[in-house]
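Data file: input-v1.txt. Format and content: compact mmCIF, C-alpha atoms.
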```
# COMPACT_ATOMS: atom_id res chain seq x y z
CA MET C 1 127.00 109.40 78.13
CA ARG C 2 125.52 112.33 79.99
CA TRP C 3 125.32 110.78 83.44
CA SER C 4 123.45 113.61 85.17
CA ARG C 5 120.72 113.40 82.51
CA PHE C 6 120.70 109.64 82.92
CA ALA C 7 120.27 109.92 86.72
CA VAL C 8 117.36 112.36 86.41
CA PHE C 9 115.79 110.26 83.67
CA VAL C 10 115.96 107.03 85.68
CA LEU C 11 114.52 108.75 88.76
CA ILE C 12 111.59 110.19 86.79
CA VAL C 13 110.88 106.87 85.08
CA THR C 14 111.08 105.01 88.41
CA VAL C 15 108.55 107.36 90.01
CA LEU C 16 106.28 107.06 86.94
CA GLN C 17 106.56 103.28 86.99
CA ALA C 18 105.62 103.18 90.68
CA SER C 19 102.62 105.46 90.36
CA LEU C 20 101.28 106.69 87.04
CA VAL C 21 101.73 103.61 84.85
CA ASP C 22 98.77 101.99 86.64
CA ILE C 23 96.54 104.06 84.31
CA PHE C 24 97.58 101.82 81.44
CA ALA C 25 96.96 98.58 83.35
CA VAL C 26 94.88 96.05 81.45
CA THR C 27 93.10 92.79 82.28
CA ARG C 28 92.36 91.45 85.72
CA LEU C 29 96.02 90.59 86.15
CA ASN C 30 96.81 94.32 86.21
CA ILE C 31 99.31 94.05 83.37
CA LYS C 32 101.16 97.28 82.62
CA PRO C 33 104.20 98.22 80.54
CA ASP C 34 107.56 98.07 82.28
CA LEU C 35 109.21 101.42 81.54
CA LEU C 36 112.45 100.39 83.23
CA LEU C 37 112.71 97.31 80.99
CA ILE C 38 112.25 99.55 77.95
CA LEU C 39 115.00 101.85 79.26
CA LEU C 40 117.26 98.85 79.84
CA VAL C 41 116.96 97.75 76.21
CA PHE C 42 117.31 101.34 74.99
CA PHE C 43 120.62 101.90 76.80
CA SER C 44 121.92 98.42 75.92
CA ILE C 45 121.39 99.20 72.25
CA TYR C 46 122.42 102.84 72.15
CA SER C 47 125.41 102.92 74.54
CA ASP C 48 128.96 101.65 74.53
CA THR C 49 129.48 98.30 76.24
CA THR C 50 130.84 99.68 79.54
CA GLU C 51 128.09 102.30 79.70
CA ALA C 52 125.52 99.62 78.91
CA ILE C 53 126.76 97.51 81.84
CA ILE C 54 126.57 100.45 84.27
CA THR C 55 123.13 101.56 83.06
CA SER C 56 121.75 97.98 83.13
CA PHE C 57 122.72 97.42 86.76
CA THR C 58 121.55 100.93 87.76
CA ILE C 59 118.16 100.44 86.08
CA GLY C 60 117.91 97.03 87.75
CA PHE C 61 118.58 98.65 91.12
CA ALA C 62 115.84 101.22 90.39
CA ALA C 63 113.47 98.35 89.56
CA ASP C 64 114.35 96.71 92.89
CA ILE C 65 113.71 99.95 94.79
CA ILE C 66 110.05 99.85 93.70
CA GLY C 67 109.87 96.07 93.72
CA PRO C 68 109.49 93.46 96.44
CA ALA C 69 113.19 92.97 97.31
CA ILE C 70 116.59 94.52 96.58
CA GLY C 71 118.98 92.40 94.51
CA PRO C 72 117.05 90.12 92.14
CA GLN C 73 116.25 92.66 89.43
CA MET C 74 119.62 94.37 89.73
CA LEU C 75 121.32 91.08 88.91
CA SER C 76 118.87 89.93 86.24
CA PHE C 77 118.68 93.32 84.47
CA GLY C 78 122.45 93.69 84.75
CA ILE C 79 123.19 90.27 83.26
CA PHE C 80 120.69 90.42 80.40
CA GLY C 81 121.36 94.09 79.65
CA THR C 82 125.07 93.26 79.35
CA LEU C 83 124.33 90.23 77.17
CA LEU C 84 122.16 92.37 74.92
CA ALA C 85 124.93 94.99 74.63
CA TYR C 86 127.41 92.26 73.58
CA LEU C 87 124.83 90.74 71.23
CA HIS C 88 124.41 94.14 69.61
CA ARG C 89 128.01 93.89 68.48
CA VAL C 90 127.03 91.12 66.08
CA ILE C 91 123.34 91.79 65.38
CA THR C 92 121.94 95.12 64.27
CA ILE C 93 118.78 96.06 66.19
CA LYS C 94 117.43 98.94 64.14
CA LYS C 95 114.00 97.93 62.90
CA PHE C 96 110.90 98.43 65.02
CA LEU C 97 110.19 94.69 65.01
CA TYR C 98 113.70 93.79 66.17
CA LYS C 99 113.48 96.32 69.00
CA SER C 100 110.16 94.79 70.07
CA VAL C 101 111.58 91.29 69.99
CA ALA C 102 114.65 92.45 71.95
CA ILE C 103 112.42 93.98 74.64
CA PHE C 104 110.23 90.89 74.84
CA ILE C 105 113.04 88.35 75.07
CA THR C 106 115.19 90.44 77.44
CA GLY C 107 112.17 91.15 79.65
CA PHE C 108 111.08 87.54 79.78
CA LEU C 109 114.54 86.13 80.54
CA ALA C 110 115.31 88.85 83.10
CA GLY C 111 111.88 88.30 84.68
CA VAL C 112 112.39 84.54 85.01
CA LEU C 113 115.83 85.04 86.60
CA ALA C 114 114.47 87.73 88.94
CA TYR C 115 111.63 85.38 89.95
CA PHE C 116 114.13 82.61 90.66
CA LEU C 117 116.40 84.93 92.71
CA THR C 118 113.40 86.30 94.65
CA PHE C 119 112.42 82.71 95.42
CA LEU C 120 116.01 82.00 96.56
CA LYS C 121 115.86 85.02 98.84
CA GLY C 122 112.87 83.44 100.55
CA GLU C 123 110.41 86.11 99.53
CA PRO C 124 106.86 85.00 98.63
CA THR C 125 106.11 84.91 94.91
CA ALA C 126 102.80 85.13 93.07
CA SER C 127 101.21 81.96 91.71
CA ASN C 128 100.40 83.49 88.30
CA VAL C 129 103.84 85.05 87.82
CA TYR C 130 104.45 83.65 84.32
CA ALA C 131 101.15 84.97 82.96
CA VAL C 132 101.90 88.43 84.40
CA LEU C 133 105.47 88.28 83.08
CA PHE C 134 104.34 87.27 79.59
CA GLY C 135 101.71 90.02 79.53
CA THR C 136 104.12 92.67 80.83
CA CYS C 137 106.79 91.74 78.27
CA LEU C 138 104.28 91.73 75.43
CA TYR C 139 102.84 95.10 76.47
CA SER C 140 106.33 96.59 76.92
CA SER C 141 107.51 95.25 73.56
CA LEU C 142 104.55 96.90 71.82
CA ALA C 143 104.93 100.26 73.58
CA GLY C 144 108.72 100.27 73.96
CA PRO C 145 110.00 101.22 70.49
CA PHE C 146 107.72 104.30 70.52
CA LEU C 147 109.44 105.47 73.71
CA PHE C 148 112.92 105.14 72.24
CA LEU C 149 112.61 108.42 70.36
CA PRO C 150 111.77 110.66 73.40
CA SER C 151 114.43 108.79 75.40
CA ALA C 152 117.03 109.46 72.69
CA TRP C 153 115.98 113.12 72.59
CA TRP C 154 116.35 113.50 76.36
CA MET C 155 119.71 111.71 76.44
CA ARG C 156 120.90 113.62 73.34
CA ILE C 157 121.75 110.31 71.66
CA LYS C 158 121.82 110.16 67.88
CA THR C 159 120.18 106.82 67.27
CA HIS C 160 121.16 106.60 63.59
CA ARG C 161 124.85 106.43 64.65
CA PHE C 162 124.37 103.10 66.35
CA GLY C 163 124.48 100.25 63.91
CA ARG C 164 126.27 97.01 64.60
CA ARG C 165 129.16 97.63 66.97
CA GLN C 166 132.69 96.64 66.17
CA ALA C 167 134.04 94.05 68.60
CA MET J 168 145.65 100.20 69.14
CA ASN J 169 145.19 96.54 70.03
CA MET J 170 146.51 97.26 73.52
CA THR J 171 143.93 100.03 74.03
CA ARG J 172 141.13 97.75 72.91
CA LYS J 173 142.30 95.00 75.24
CA GLN J 174 142.43 97.42 78.17
CA ALA J 175 138.92 98.66 77.40
CA ARG J 176 137.62 95.07 77.26
CA VAL J 177 139.21 94.19 80.60
CA SER J 178 137.81 97.36 82.08
CA SER J 179 134.22 96.58 81.04
CA ARG J 180 134.61 93.05 82.39
CA MET J 181 135.83 94.45 85.71
CA VAL J 182 132.86 96.83 85.82
CA PHE J 183 130.55 93.86 85.21
CA VAL J 184 132.21 91.76 87.95
CA TRP J 185 132.02 94.63 90.44
CA PHE J 186 128.34 95.22 89.76
CA ILE J 187 127.61 91.49 90.01
CA LEU J 188 129.31 91.46 93.41
CA ILE J 189 127.29 94.48 94.57
CA GLY J 190 124.13 92.78 93.31
CA PHE J 191 124.90 89.61 95.27
CA ILE J 192 125.66 91.64 98.41
CA PHE J 193 122.22 93.26 98.09
CA LEU J 194 120.61 89.90 97.39
CA LEU J 195 122.16 88.24 100.43
CA ALA J 196 121.73 91.23 102.77
CA PRO J 197 118.90 90.91 105.33
CA GLN J 198 115.55 92.11 104.02
CA GLY J 199 115.18 94.45 107.00
CA LEU J 200 118.33 96.28 105.94
CA THR J 201 117.55 96.54 102.21
CA ASN J 202 113.99 97.64 102.95
CA LYS J 203 115.47 100.89 104.25
CA PHE J 204 116.43 101.82 100.66
CA GLN J 205 112.87 101.27 99.49
CA LEU J 206 111.35 103.20 102.39
CA ALA J 207 113.84 106.05 101.91
CA PHE J 208 112.94 106.28 98.20
CA VAL J 209 109.25 106.35 99.03
CA HIS J 210 109.81 108.98 101.69
CA ILE J 211 111.86 111.25 99.41
CA PHE J 212 109.48 110.96 96.46
CA ARG J 213 106.24 110.72 98.44
CA TRP J 214 104.64 113.75 96.78
CA PRO J 215 105.06 112.75 93.11
CA LEU J 216 104.24 109.14 94.02
CA ARG J 217 101.01 110.14 95.75
CA ILE J 218 99.99 112.50 92.95
CA GLY J 219 100.65 109.80 90.35
CA ARG J 220 98.67 107.25 92.33
CA ASN J 221 95.73 109.63 92.79
CA ILE J 222 95.71 110.37 89.05
CA SER J 223 95.76 106.69 88.12
CA LEU J 224 93.05 105.92 90.70
CA SER J 225 90.78 108.68 89.41
CA ALA J 226 91.43 107.58 85.82
CA ARG J 227 90.41 104.05 86.72
CA THR J 228 87.26 105.24 88.48
CA GLU J 229 86.37 107.32 85.43
CA ARG J 230 86.84 104.32 83.17
CA VAL J 231 84.49 102.18 85.26
CA LEU J 232 81.82 104.88 85.40
CA THR J 233 81.75 105.42 81.63
CA ASP J 234 81.33 101.71 81.19
CA VAL J 235 78.06 101.55 83.09
CA VAL J 236 76.35 104.97 83.10
CA SER J 237 75.52 107.66 80.57
CA ARG J 238 77.84 110.63 80.06
CA ARG J 239 75.33 113.01 81.72
CA GLU J 240 74.96 110.83 84.77
CA HIS J 241 78.72 110.40 84.82
CA ASN J 242 79.26 114.15 84.90
CA GLN J 243 76.69 114.54 87.65
CA LEU J 244 78.39 111.83 89.66
CA GLN J 245 81.79 113.38 89.04
CA ASN J 246 80.55 116.74 90.34
CA TYR J 247 78.96 115.06 93.32
CA LEU J 248 82.19 113.19 93.97
CA ALA J 249 84.18 116.43 93.74
CA ASN J 250 81.86 118.13 96.25
CA VAL J 251 81.92 115.21 98.65
CA THR J 252 85.69 114.85 98.35
CA GLU J 253 86.19 118.52 99.14
CA GLU J 254 83.79 118.31 102.07
CA LEU J 255 85.59 115.24 103.31
CA LEU J 256 88.94 117.00 102.99
CA GLN J 257 87.70 119.95 105.01
CA LYS J 258 86.31 117.68 107.73
CA HIS J 259 89.54 115.73 107.72
CA ARG J 260 91.57 118.91 108.24
CA LYS J 261 89.21 120.07 110.98
CA ILE J 262 89.46 116.81 112.90
CA GLU J 263 93.22 116.78 112.44
CA LYS J 264 93.43 120.30 113.81
CA LEU J 265 91.21 119.65 116.80
CA SER J 266 92.93 116.51 117.87
CA LYS J 267 95.62 114.16 116.70
CA LEU J 268 93.29 111.35 117.54
CA ARG J 269 91.57 111.38 114.16
CA ASP J 270 88.77 108.91 114.44
CA ARG J 271 87.44 106.19 116.68
CA LEU J 272 85.75 102.97 115.95
CA TYR J 273 83.14 102.38 118.62
CA ALA J 274 84.39 98.84 119.26
CA LEU J 275 87.98 99.91 119.89
CA GLU J 276 87.58 102.02 123.00
CA GLY J 277 91.19 102.03 124.20
CA ALA J 278 92.70 102.30 120.75
CA LYS J 279 93.94 105.21 118.74
CA LEU J 280 93.21 105.17 115.03
CA MET J 281 96.01 106.82 113.12
CA THR J 282 94.93 107.71 109.60
CA ALA J 283 97.57 107.48 106.90
CA ASP J 284 97.69 108.17 103.17
CA ILE J 285 98.77 105.43 100.81
CA ILE J 286 101.94 106.42 98.96
CA THR J 287 102.38 103.34 96.79
CA ALA J 288 100.52 100.09 96.37
CA SER J 289 101.85 96.90 94.92
CA THR J 290 99.53 94.07 94.01
CA ASP J 291 101.69 92.10 91.59
CA GLY J 292 102.90 89.16 93.63
CA HIS J 293 103.64 91.10 96.78
CA ASN J 294 100.46 92.55 98.13
CA GLU J 295 101.60 95.51 100.14
CA LEU J 296 101.09 99.22 100.66
CA ILE J 297 103.47 101.92 101.76
CA ILE J 298 101.88 104.56 103.96
CA ASN J 299 103.02 108.00 105.10
CA ARG J 300 103.10 107.26 108.83
CA GLY J 301 105.89 105.57 110.71
CA GLU J 302 107.64 104.98 113.98
CA MET J 303 107.43 108.67 114.88
CA ASP J 304 103.64 108.45 114.74
CA GLY J 305 103.57 105.48 117.08
CA LEU J 306 103.41 102.75 114.48
CA GLY J 307 104.98 99.36 115.13
CA GLU J 308 105.20 95.95 113.52
CA GLY J 309 102.16 93.72 113.84
CA GLN J 310 99.61 96.52 114.28
CA PHE J 311 96.35 96.01 112.40
CA VAL J 312 95.42 98.27 109.51
CA LEU J 313 91.85 99.23 108.69
CA GLY J 314 90.41 100.18 105.31
CA ASP J 315 86.74 101.16 105.17
CA ASN J 316 86.36 99.92 108.78
CA SER J 317 87.58 96.42 107.97
CA ILE J 318 90.95 94.79 108.54
CA ILE J 319 93.03 94.90 105.36
CA GLY J 320 96.45 93.93 106.72
CA THR J 321 99.14 94.41 109.30
CA ILE J 322 102.23 96.60 109.58
CA SER J 323 105.24 94.60 108.41
CA GLU J 324 108.04 97.20 108.36
CA VAL J 325 108.44 100.63 109.91
CA SER J 326 110.83 103.47 109.29
CA PRO J 327 110.69 106.81 111.12
CA ARG J 328 108.18 108.35 108.70
CA THR J 329 106.82 105.54 106.53
CA ALA J 330 105.60 102.00 107.00
CA LYS J 331 104.86 98.93 104.93
CA VAL J 332 101.50 97.23 105.22
CA ARG J 333 101.34 93.53 104.42
CA LEU J 334 97.87 93.03 102.99
CA ILE J 335 95.69 90.08 104.00
CA THR J 336 95.92 88.90 100.37
CA ASP J 337 99.71 88.50 100.56
CA PRO J 338 100.81 84.83 100.65
CA SER J 339 102.96 85.46 103.73
CA SER J 340 100.07 87.02 105.68
CA LYS J 341 98.45 84.80 108.33
CA ILE J 342 95.76 86.23 110.61
CA ALA J 343 93.82 84.48 113.38
CA VAL J 344 90.11 84.74 112.61
CA LYS J 345 86.67 83.71 113.74
CA LEU J 346 84.39 82.07 111.19
CA GLY J 347 81.02 81.65 112.87
CA LYS J 348 81.92 79.80 116.09
CA LEU J 349 85.09 78.39 114.57
CA GLU J 350 88.50 79.77 115.41
CA THR J 351 90.95 79.40 112.54
CA VAL J 352 93.58 81.20 110.46
CA ILE J 353 93.40 82.87 107.05
CA GLN J 354 96.20 83.14 104.54
CA GLY J 355 96.51 85.31 101.42
CA ASP J 356 96.60 83.64 98.02
CA GLY J 357 98.67 86.34 96.27
CA LYS J 358 95.70 87.46 94.16
CA ASP J 359 92.65 89.39 95.34
CA SER J 360 91.38 86.89 97.86
CA VAL J 361 92.24 84.94 100.97
CA LYS J 362 92.11 81.22 101.80
CA VAL J 363 91.11 79.37 104.96
CA PRO J 364 93.55 76.45 105.02
CA LEU J 365 93.24 73.05 106.71
CA LEU J 366 89.59 73.23 107.67
CA SER J 367 87.84 69.87 107.94
CA ILE J 368 84.62 69.28 105.96
CA LYS J 369 82.86 68.30 109.21
CA HIS J 370 82.44 72.02 109.87
CA LYS J 371 79.44 73.70 108.28
CA ILE J 372 80.38 76.71 106.17
CA GLU J 373 77.94 78.99 104.39
CA ILE J 374 78.53 81.24 101.42
CA GLY J 375 78.40 84.86 102.52
CA GLN J 376 79.36 84.02 106.10
CA GLU J 377 81.36 86.83 107.69
CA ILE J 378 84.92 86.42 108.94
CA PHE J 379 86.27 88.51 111.80
CA ALA J 380 89.85 89.06 112.98
CA ARG J 381 90.17 87.59 116.49
CA LYS J 382 91.15 89.65 119.50
CA LYS J 383 94.91 89.83 119.95
CA PRO J 384 96.19 91.31 123.22
CA GLY J 385 98.15 94.49 122.58
CA PHE J 386 96.99 94.74 118.98
CA LEU J 387 93.21 94.29 118.79
CA ASP J 388 90.69 94.16 121.62
CA ALA J 389 87.50 93.67 119.60
CA PRO J 390 86.71 91.48 116.60
CA VAL J 391 86.76 93.42 113.35
CA ILE J 392 85.39 92.19 110.03
CA ILE J 393 87.81 91.04 107.33
CA GLY J 394 85.70 89.49 104.61
CA THR J 395 82.99 87.06 103.60
CA VAL J 396 83.08 83.49 102.33
CA GLU J 397 82.90 83.69 98.54
CA GLU J 398 83.41 80.06 97.62
CA CYS J 399 83.45 76.81 99.56
CA LYS J 400 84.19 73.48 97.90
CA ARG J 401 86.01 70.26 98.68
CA ASP J 402 89.78 70.53 98.31
CA ASP J 403 90.86 68.70 95.13
CA ALA J 404 94.15 67.60 96.71
CA ASN J 405 92.66 66.55 100.03
CA PRO J 406 88.90 65.78 99.91
CA ILE J 407 88.52 65.72 103.72
CA LEU J 408 89.29 69.45 103.82
CA TRP J 409 87.41 72.51 102.58
CA ASP J 410 88.87 74.81 99.96
CA ILE J 411 87.44 78.12 101.19
CA THR J 412 87.93 81.41 99.37
CA VAL J 413 87.29 84.60 101.32
CA LYS J 414 86.66 87.92 99.61
CA PRO J 415 87.79 91.02 101.54
CA VAL J 416 84.86 93.35 102.29
CA CYS J 417 87.01 96.34 101.34
CA ASP J 418 88.11 97.04 97.76
CA ILE J 419 91.77 97.57 98.61
CA SER J 420 92.74 98.68 95.09
CA LYS J 421 90.53 101.77 95.42
CA LEU J 422 91.73 102.90 98.84
CA THR J 423 93.53 106.21 99.15
CA ASP J 424 93.96 106.18 102.91
CA VAL J 425 93.91 103.69 105.77
CA ALA J 426 93.80 103.77 109.57
CA VAL J 427 96.25 101.96 111.83
CA ILE J 428 95.01 100.62 115.16
CA ILE J 429 97.39 101.64 117.94
CA MET J 430 96.43 99.97 121.20
CA ASN J 431 97.40 101.74 124.42
CA PRO J 432 98.88 104.82 122.75
CA LYS J 433 101.70 106.57 124.61
CA GLU J 434 100.13 110.05 124.46
```

Conversion result in structure tokens:
Amino acid sequence: MRWSRFAVFVLIVTVLQASLVDIFAVTRLNIKPDLLLILLVFFSIYSDTTEAIITSFTIGFAADIIGPAIGPQMLSFGIFGTLLAYLHRVITIKKFLYKSVAIFITGFLAGVLAYFLTFLKGEPTASNVYAVLFGTCLYSSLAGPFLFLPSAWWMRIKTHRFGRRQA
Amino acid sequence: MNMTRKQARVSSRMVFVWFILIGFIFLLAPQGLTNKFQLAFVHIFRWPLRIGRNISLSARTERVLTDVVSRREHNQLQNYLANVTEELLQKHRKIEKLSKLRDRLYALEGAKLMTADIITASTDGHNELIINRGEMDGLGEGQFVLGDNSIIGTISEVSPRTAKVRLITDPSSKIAVKLGKLETVIQGDGKDSVKVPLLSIKHKIEIGQEIFARKKPGFLDAPVIIGTVEECKRDDANPILWDITVKPVCDISKLTDVAVIIMNPKE
């Protein structure tokens, strides 16, 4: 893993997520793709297990920095990113459809856990959170696999090397 | 070989446990402390964040215009907008140069209005803005924030150079208001509107009625408009109360700058 490239990449994506992604917002619920979720799935699939754990928690922290509170997304992204990395040892996630499904399920589960942790922290939560979460995961799962290629190029990762990992 | 694998597995588990611990420390740390990370990020990346927000705002405006007017009219309006924006920018710079007191609302004689640019805006769940003015500019918690000459929220967190604005639409926002002759409180509903809770149906409410923020010593010395009554019906859960929805008079999602009311400024 090229960590300096990773740091720059996460910073750029965090700034984009906090500002420019609003262009792609749809519906009255202001649903937009979650670039950090896409990155989480990308690194969970295309990194070694230890690297996947570090990147998952780091991306979660970046999501918290631009989110309502620090902690919930770091934990939820970290847990589900790690689970996905372990799952990738037994299931190959190579096809476009599988990548989409991985993004959707990881995003939804991580979102529900983050919502629960935010609630535990005593922060106010939106009433229509599940509709927004569903929309965001769906949008991210559709756009995500297309962003894997530029991400792999930037990180100098050869995606064809990563099939099912040996446990 | 097996030994190496075992060591690697233990190592990744340890990494996971350490990160989980760090995550829980952040989760349990006071919000005031962790907010400093967010404000620092916004401060460091304020330029790209502002540029990105301006681009997305202009893209949205463009999208709305093409939906309702012809291309020719759209271009004319775009040119007009560009001219007016430039003129506004020049005036803004001139006022800023002449005096740090940027603008005054006639009703707020003793107050200083500190204009601030919006760096980031969040409307998903937490309705808040981060602005490019902070403690060093005289900002403090609880101060009222104006957008298009109407109250849009209050300052909830301040750092030396940035501040967080809790919008009136945030569920944790409660502001004392005047609705006709009635004195009550409004609370955000987490979406685009505000509710007037616990108001008995014996009070007469009209659609379109204006709601003003009440005077608050040290923060506001004249009533300022917040919104208008959009919907008024009996509360389904408690029929002796009204379920009143208030629409803010300012379209907060299209704001690029705001003004903070600083009563009794030090300068």

Next item on the list: Check the smallest atom-to-atom distance from each of C:Ser100, C:Thr118, C:Thr106, C:Thr92 to chain J using all atoms listed in the file, then report the winner.
Entry: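 Closest to chain J, using all atoms listed in the file: C:Thr118.
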
Kindly assemble as JSON lines a list of the chain C residues that lie within 6 Å of chain J, each paired with its nearest atom pair and their distance in Å to one decimal, using all atoms listed in the file, sorted first by chain and then by ascending residue number.
```
{"residue": "C:Ser19", "atom": "CA", "partner": "J:Arg220", "partner_atom": "CA", "distance": 4.8}
{"residue": "C:Leu20", "atom": "CA", "partner": "J:Gly219", "partner_atom": "CA", "distance": 4.6}
{"residue": "C:Asp22", "atom": "CA", "partner": "J:Ser223", "partner_atom": "CA", "distance": 5.8}
{"residue": "C:Ile23", "atom": "CA", "partner": "J:Ser223", "partner_atom": "CA", "distance": 4.7}
{"residue": "C:Thr50", "atom": "CA", "partner": "J:Ser179", "partner_atom": "CA", "distance": 4.8}
{"residue": "C:Ile65", "atom": "CA", "partner": "J:Gln205", "partner_atom": "CA", "distance": 5.0}
{"residue": "C:Ile70", "atom": "CA", "partner": "J:Phe193", "partner_atom": "CA", "distance": 6.0}
{"residue": "C:Gly71", "atom": "CA", "partner": "J:Leu194", "partner_atom": "CA", "distance": 4.1}
{"residue": "C:Met74", "atom": "CA", "partner": "J:Gly190", "partner_atom": "CA", "distance": 6.0}
{"residue": "C:Leu75", "atom": "CA", "partner": "J:Gly190", "partner_atom": "CA", "distance": 5.5}
{"residue": "C:Thr125", "atom": "CA", "partner": "J:Gly292", "partner_atom": "CA", "distance": 5.5}
{"residue": "C:Ala126", "atom": "CA", "partner": "J:Gly292", "partner_atom": "CA", "distance": 4.1}
```

Next item on the list: Counting all atoms listed in the file, figure out which residue out of C:Ile59, C:Val90, C:Leu37, C:Leu117 gets nearest to C:Pro72.
Entry: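 Ranked by minimum distance to C:Pro72, first place goes to C:Leu117.
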
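Taking atom CA of J:Leu408 and atom CA of J:Ile372 as endpoints, the distance between them is 11.7 Å.
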
Identify, on the basis of all atoms listed in the file, every residue whose closest approach to J:Asp315 does not exceed 7 Å; exclude the query and any residue fewer than 2 positions from it along the same chain; express the result as a compact mmCIF listing (two decimals) with C-alpha atoms, keeping the file's coordinate frame.
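Output file part.txt is given in full below:
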```txt
# COMPACT_ATOMS: atom_id res chain seq x y z
CA LEU J 313 91.85 99.23 108.69
CA SER J 317 87.58 96.42 107.97
CA CYS J 417 87.01 96.34 101.34
```

Note to self: Set the distance at 10 Å and use only C-alpha atoms: which residues neighbour stretch 130-140 of chain C once local chain neighbours fewer than 2 positions away are removed? I'd like the list as a ChimeraX atom specification.
What the structure shows: /C:24-27,29-38,100-101,103-112,115,126-128,142-145,147 /J:291-292

Note to self: Please report the interatomic distance between atom CA of J:Glu308 and atom CA of J:Ile322 in Å with one decimal.
What the structure shows: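 Value for the atom CA of J:Glu308-atom CA of J:Ile322 distance: 5.0 Å.
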
Margin query: So the first atom is atom CA of J:Trp409 and the second is atom CA of J:Lys382; what is the distance between them in Å, to one decimal place?
Written below: 24.4 Å

Non-local contacts of C:Ala102 (8 Å; only C-alpha atoms; under 3 positions in same chain excluded) as a compact mmCIF listing (two decimals) with C-alpha atoms, keeping the file's coordinate frame:
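Resulting contents of result32.txt:
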```txt
# COMPACT_ATOMS: atom_id res chain seq x y z
CA VAL C 41 116.96 97.75 76.21
CA ILE C 93 118.78 96.06 66.19
CA TYR C 98 113.70 93.79 66.17
CA LYS C 99 113.48 96.32 69.00
CA ILE C 105 113.04 88.35 75.07
CA THR C 106 115.19 90.44 77.44
CA SER C 141 107.51 95.25 73.56
```

Checklist line | 7 Å contact set for J:Arg328, all atoms listed in the file, chain neighbours under 6 positions out, as number ranges by chain | finding: J: 299-303
